[in-house]
Amino acid sequence: KLGATSTLISALQLQAVNEVLRDPFYKVLVLACDIPFMLDMLPECSPAGMTQTPLSWSACPSKLVSLLESLFEWKQKQYPEREVVLVSGGPGFGTTGDVCDHKLGLSIPVVIVGPTLGRVCAPTMWLLQNTLAGGRFSYVYRAPLDRWNFCMVDIDLAASQRRPTVEVQMVDVPVPQGTAWPDG
């Protein structure tokens, strides 16, 4: 169960997530957020001594671990009949990956999308793989897209009698030549 003091999720959102996690009839949970769930800034790029708005859930490791524990435990209770997908906006690039729970032996697909019409940035400030909670969880992302992008999530509950099929597809288009930004 997720804690009530989270700064990354409102009390109403927390209540809704916990209700879904208690309901035995849900088979697929797509959790979306405007910041990445797992994305760590390289140590040399982190602003020293500055308190700022979190750029990802990784900035609040106890909340991230609590969320991951809850999601993986929910998935494991009826595995392989349940699936979770984490979708978030990103810091200027899109990618797909997986987060693994090495204790339960399960994984969850993770998607970072964007920008759809903004400036595309290289992921040079970010670790695209890392571990947390003493190695219980690890994440890894595939090569980031250097184009405008978004994702589609296709959920098929009828494909298999007992197992939902969840497919995540990235859609990307090139940034038009000559696109200029006001700040240069």
# chains A, B, ... in the order shown; residues from 1 in each chain; ligands from 1

$ residues_around --residues "Ile155 in chain A" --least-positions-apart "2" --cutoff "10 Å" --atoms "only C-alpha atoms" --output "count of residues only"
13

$ select_by_dssp --residues "range 6-176 of chain A" --states "helix (DSSP H, G or I)" --output "MDAnalysis selection string"
chainID A and resid 11:22 43:45 57:59 61:77 133:135

$ closest_residue --among "A:Thr95, A:Asn130, A:Thr179, A:Gln13" --to "Gly114 in chain A" --atoms "only C-alpha atoms"
A:Thr95

$ select_by_dssp --residues "range 19-63 of chain A" --states "strand (DSSP E or B)" --output "NGL selection string"
:A and (28-33 or 40-41)

$ closest_atom_pairs --of "range 126-154 of chain A" --to "range 34-37 of chain A" --cutoff "12 Å" --atoms "only C-alpha atoms" --output "tab-separated table"
residue	atom	partner	partner_atom	distance
A:Trp126	CA	A:Pro36	CA	11.5
A:Leu128	CA	A:Pro36	CA	11.6
A:Tyr139	CA	A:Phe37	CA	10.3
A:Tyr141	CA	A:Pro36	CA	11.8
